[in-house]
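Worksheet for the structure shown next.
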Amino acid sequence: WPAKTDLLESMLYEQQGFNSGNSPATFIVPCEKVSFGTGRNGAAEWLRTAYHDMATADVANGIGGIDASIGYEVNRDENPGIGFNETLINLTAFLTPRSSMADLIALGALFAANGCSNGSVEIPFRAGRVDATGPGPTGVPRPEQPLDEHITSFQKQGFSPQEMIGLVACGHTLGGVHGVDFPEIVPVVNDPTCQDLLERMINTVPKGVTLTEPLQPYPVKPSRLFATINSNGTMTMTGYIRVTFASGHVMYGNPPLTFWTYPFSVEVPLAQGISSFDVEVVDNINGVINSTLHTNGGHGFPFDDTILTQPQLSCSEVHSEGLMNLTVAIRDNSHLSSLKAIVHVPEPLLSLTPAVGSIPLDFVKAGSITGSGYTLY
């Protein structure tokens with residue numbers, strides 16, 4: 001910790017409770033939740049979006065797959081209905097440099113399949129998908145096409161005729177998807193064997209893209225770490241520690257997991273500083289005390305006190321111009337001559353979803369904190 005997949009790990013596992021607002025799962029929890037209108041199933045539309053994004057893949061030549069090219073393709077006749085548009089718009093809220101739209105589409109399909117099968121379809125999530133910069137080829141199969149065209153299309157995607165039948169059945173398990181677009185499709189019962197086919201579907205990626213190992217929940221995970229400089233020669237370090245327990249209930253978990261999140265606050269002398277910390281978890285079960293020390297693989301959980309965001313001196317407003325004031329404290333003995341920041345912002349594309357752009361910012365020196373060894377910018 002921290003890994004590049006940190007944010008995606010939170011989205012995947014923290015689907016309700018303390019940190020659930022950071023997960024796309026909030027749009028389709030529970031499975032039968034209708035977020036977008038009467039007669040529509042949001043979970044089904046998310047699964048359908050993932051398939052249509054992948055469906056023009058040519059696996060033999062390493063072209064296409066889950067790459068978010070669907071954002072450029074929503075106006076094609078082979079992609080009817082408004083479900084794609086609304087799925088992508090909802091997922092855009094979670095687009096960051098650490099969570100590509102392609103990964104979010106795959107994650108949405110996982111939420112849909114796992115939640116709407118009562119956990120019987122449990123797809124491991126691998127990260128690392130890369131967003132396309134343009135549309136893919138046409139060729140999404142349509143219900144009215146003859147069987148031989150369907151077979152050819154699915155073979156191009158990497159599925160045999162038998163697997164084609166299974167994937168179609170699994171894909172329409174969630175209840176008609178969007179009846180206005182495909183009234184001839186009827187739902188089928190859930191089948192745990194769908195896991196393999198749907199996992200292969202979301203793991204189909206273009207040549208050159210390498211996915212990570214399946215994400216696993218951290219046993220212990222720090223978050224929202226800050227250190228505030230005080231006037232008495234100390235800094236107050238605050239944050240949260242998430243501890244994983246193998247009991248309780250989290251939507252889409254099988255076996256279910258539950259997380260307990262503990263706030264902490266500790267005062268540290270400025271002369272001592274902070275570079276890392278360990279976490280000790282103490283359990284008292286029926287009078288028996290057990291202690292486990294978590295050291296992040298022996299390296300400690302890192303914390304750099306060279307540059308410290310000062311939350312009590314920072315603020316933002318979101319209702320008009322989106323103004324933000326960010327104040328940081330820089331340790332004087334770091335000998336930095338200037339300070340710059342990069343703010344990530346949506347960058348419009350021809351796609352329905354934006355890219356992640358960046359704006360460089362220069363910090364202005366605001367003055368020293370007397371006796372602290374830190375200067376504010």
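Labels for the structure tokens follow display order: chains A, B, ..., residues from 1 in each chain, ligands from 1.
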Can you list, as an mmCIF file with N, CA and C atoms, in the first residue's frame, every protein, DNA or RNA residue that comes within 8 Å of Gly233 of chain A when you count only C-alpha atoms, leaving out same-chain residues fewer than 4 positions away?
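For reference, out19.cif as written:
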data_model
loop_
_atom_site.group_PDB
_atom_site.id
_atom_site.type_symbol
_atom_site.label_atom_id
_atom_site.label_comp_id
_atom_site.auth_asym_id
_atom_site.auth_seq_id
_atom_site.Cartn_x
_atom_site.Cartn_y
_atom_site.Cartn_z
ATOM 1 N N ILE A 229 -0.255 21.269 10.922
ATOM 2 C CA ILE A 229 0.803 21.906 11.698
ATOM 3 C C ILE A 229 0.175 22.746 12.808
ATOM 4 N N PRO A 269 5.567 15.291 17.660
ATOM 5 C CA PRO A 269 6.477 16.446 17.687
ATOM 6 C C PRO A 269 7.021 16.740 16.288
ATOM 7 N N LEU A 270 7.049 18.014 15.933
ATOM 8 C CA LEU A 270 7.569 18.383 14.613
ATOM 9 C C LEU A 270 9.031 17.989 14.463
ATOM 10 N N ALA A 271 9.772 18.036 15.547
ATOM 11 C CA ALA A 271 11.185 17.659 15.482
ATOM 12 C C ALA A 271 11.361 16.184 15.153
ATOM 13 N N GLY A 371 8.456 29.100 14.166
ATOM 14 C CA GLY A 371 9.001 28.060 15.020
ATOM 15 C C GLY A 371 8.692 26.642 14.600
ATOM 16 N N SER A 372 8.033 26.467 13.463
ATOM 17 C CA SER A 372 7.618 25.119 13.054
ATOM 18 C C SER A 372 8.576 24.464 12.075
#
Taking the chain letters and numbering used in this document, name the residues of segment 117-250 of chain A that DSSP puts in strand (DSSP E or B), as an MDAnalysis selection string. chainID A and resid 178 220:229 234:245
Which residues come within 9 Å of segment 95-104 of chain A, counting only C-alpha atoms, excluding same-chain residues fewer than 4 positions away, as a ChimeraX atom specification? /A:4-8,24,50,53,66-69,88,91,108-109,126-132,202,344-346,353-357
Could you save the residues just selected, with C-alpha atoms, as a PDB file, in the first residue's frame?
ATOM      1  CA  LYS A   4      -2.019   2.122  -8.319  1.00  0.00           C
ATOM      2  CA  THR A   5      -5.238   0.122  -8.002  1.00  0.00           C
ATOM      3  CA  ASP A   6      -6.072   1.601  -4.579  1.00  0.00           C
ATOM      4  CA  LEU A   7      -9.089   3.576  -5.767  1.00  0.00           C
ATOM      5  CA  LEU A   8     -10.491   0.671  -7.789  1.00  0.00           C
ATOM      6  CA  PRO A  24     -20.415   3.162  -8.996  1.00  0.00           C
ATOM      7  CA  ALA A  50     -19.943  -3.927 -21.438  1.00  0.00           C
ATOM      8  CA  ASP A  53     -18.142  -2.329 -25.953  1.00  0.00           C
ATOM      9  CA  ILE A  66     -13.319  -3.591 -23.311  1.00  0.00           C
ATOM     10  CA  ASP A  67     -11.737  -0.246 -24.191  1.00  0.00           C
ATOM     11  CA  ALA A  68     -14.571   2.300 -23.755  1.00  0.00           C
ATOM     12  CA  SER A  69     -14.809   2.798 -27.529  1.00  0.00           C
ATOM     13  CA  LEU A  88     -21.619   6.100 -19.545  1.00  0.00           C
ATOM     14  CA  LEU A  91     -19.834   6.107 -14.829  1.00  0.00           C
ATOM     15  CA  GLY A 108     -20.099  -2.167 -13.747  1.00  0.00           C
ATOM     16  CA  ALA A 109     -20.627  -5.483 -15.522  1.00  0.00           C
ATOM     17  CA  ARG A 126      -8.498  -7.285 -12.915  1.00  0.00           C
ATOM     18  CA  ALA A 127      -7.540  -3.664 -13.558  1.00  0.00           C
ATOM     19  CA  GLY A 128      -5.411  -1.988 -16.205  1.00  0.00           C
ATOM     20  CA  ARG A 129      -7.741  -1.422 -19.174  1.00  0.00           C
ATOM     21  CA  VAL A 130      -6.881   1.485 -21.434  1.00  0.00           C
ATOM     22  CA  ASP A 131      -9.427   3.847 -22.963  1.00  0.00           C
ATOM     23  CA  ALA A 132      -9.642   3.986 -26.752  1.00  0.00           C
ATOM     24  CA  ILE A 202     -14.676  -8.278 -19.494  1.00  0.00           C
ATOM     25  CA  HIS A 344      -6.971  16.672 -13.246  1.00  0.00           C
ATOM     26  CA  VAL A 345     -10.078  17.831 -15.100  1.00  0.00           C
ATOM     27  CA  PRO A 346     -12.472  16.383 -17.708  1.00  0.00           C
ATOM     28  CA  THR A 353     -17.276  10.408 -22.150  1.00  0.00           C
ATOM     29  CA  PRO A 354     -14.346  12.772 -21.599  1.00  0.00           C
ATOM     30  CA  ALA A 355     -10.676  12.071 -21.260  1.00  0.00           C
ATOM     31  CA  VAL A 356      -8.750  12.994 -18.127  1.00  0.00           C
ATOM     32  CA  GLY A 357      -6.905  16.223 -18.794  1.00  0.00           C
TER      33      GLY A 357
END
Per-residue DSSP, segment 143-299 of chain A, filtered to helix (DSSP H, G or I), as a PyMOL selection string: chain A and resi 147-157+161-171+194-202
For the selection you just gave me, I'd like the residues written to a file as a compact mmCIF listing (two decimals), in the first residue's frame, keeping C-alpha atoms.
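This is the output file result-v3.txt:
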# COMPACT_ATOMS: atom_id res chain seq x y z
CA LEU A 147 -27.49 -17.77 -37.04
CA ASP A 148 -24.40 -18.11 -39.24
CA GLU A 149 -23.66 -14.40 -38.90
CA HIS A 150 -23.97 -14.67 -35.13
CA ILE A 151 -21.58 -17.63 -35.05
CA THR A 152 -19.02 -15.75 -37.16
CA SER A 153 -19.27 -12.65 -35.00
CA PHE A 154 -18.89 -14.53 -31.72
CA GLN A 155 -15.97 -16.56 -33.06
CA LYS A 156 -14.26 -13.28 -33.91
CA GLN A 157 -14.79 -12.26 -30.27
CA PRO A 161 -20.97 -21.60 -30.90
CA GLN A 162 -21.65 -23.35 -27.58
CA GLU A 163 -20.10 -20.46 -25.66
CA MET A 164 -22.11 -18.02 -27.74
CA ILE A 165 -25.33 -19.64 -26.56
CA GLY A 166 -24.12 -19.52 -22.96
CA LEU A 167 -22.99 -15.90 -23.12
CA VAL A 168 -26.27 -14.75 -24.67
CA ALA A 169 -28.23 -16.60 -21.98
CA CYS A 170 -26.04 -15.20 -19.20
CA GLY A 171 -26.20 -11.71 -20.64
CA CYS A 194 -21.88 -17.75 -16.35
CA GLN A 195 -18.83 -16.67 -14.36
CA ASP A 196 -16.28 -18.04 -16.82
CA LEU A 197 -17.94 -16.57 -19.90
CA LEU A 198 -18.58 -13.14 -18.41
CA GLU A 199 -15.07 -13.04 -16.95
CA ARG A 200 -13.62 -13.74 -20.38
CA MET A 201 -15.86 -11.05 -21.82
CA ILE A 202 -14.68 -8.28 -19.49
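Taking only C-alpha atoms into account, Pro348 of chain A lies nearest to A:Thr133 out of the set A:Thr212, A:Thr370, A:Thr133, A:Thr228.
All residues of protein, DNA or RNA that reach within 12 Å of segment 61-63 of chain A, judged by only C-alpha atoms and not counting those fewer than 2 positions away in the chain, are Met54, Ala55, Thr56, Ala57, Asp58, Val59, Gly65, Ile66, Asp67, Ser69, Ala132, Pro135, Gly136, Pro137, Lys156, Gln157, Gly158, Thr204, Val205, Pro206, Lys207, Gly208 and Val209 of chain A.
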Let's have the selection written as an mmCIF file, in the first residue's frame, with C-alpha atoms.
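Output (result_7.cif):
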data_model
loop_
_atom_site.group_PDB
_atom_site.id
_atom_site.type_symbol
_atom_site.label_atom_id
_atom_site.label_comp_id
_atom_site.auth_asym_id
_atom_site.auth_seq_id
_atom_site.Cartn_x
_atom_site.Cartn_y
_atom_site.Cartn_z
ATOM 1 C CA MET A 54 -16.424 -5.712 -26.340
ATOM 2 C CA ALA A 55 -18.525 -7.124 -29.180
ATOM 3 C CA THR A 56 -16.521 -5.692 -32.084
ATOM 4 C CA ALA A 57 -13.296 -7.312 -30.844
ATOM 5 C CA ASP A 58 -11.076 -9.284 -33.192
ATOM 6 C CA VAL A 59 -9.094 -11.384 -30.716
ATOM 7 C CA GLY A 65 -12.368 -5.482 -26.454
ATOM 8 C CA ILE A 66 -13.319 -3.591 -23.311
ATOM 9 C CA ASP A 67 -11.737 -0.246 -24.191
ATOM 10 C CA SER A 69 -14.809 2.798 -27.529
ATOM 11 C CA ALA A 132 -9.642 3.986 -26.752
ATOM 12 C CA PRO A 135 -14.349 4.282 -32.386
ATOM 13 C CA GLY A 136 -13.869 0.605 -33.072
ATOM 14 C CA PRO A 137 -15.183 -1.249 -36.134
ATOM 15 C CA LYS A 156 -14.256 -13.280 -33.905
ATOM 16 C CA GLN A 157 -14.793 -12.264 -30.273
ATOM 17 C CA GLY A 158 -13.194 -15.535 -29.139
ATOM 18 C CA THR A 204 -11.010 -9.196 -23.544
ATOM 19 C CA VAL A 205 -8.676 -6.264 -24.197
ATOM 20 C CA PRO A 206 -6.620 -4.964 -27.138
ATOM 21 C CA LYS A 207 -3.126 -6.250 -27.837
ATOM 22 C CA GLY A 208 -0.573 -4.473 -25.690
ATOM 23 C CA VAL A 209 -2.869 -4.060 -22.684
#
Polymer residues at most 12 Å from Gly297 of chain A, only C-alpha atoms, same-chain spacing of 3 or more positions, as number ranges by chain: A: 1-2, 218-220, 277-279, 293-294, 300-302
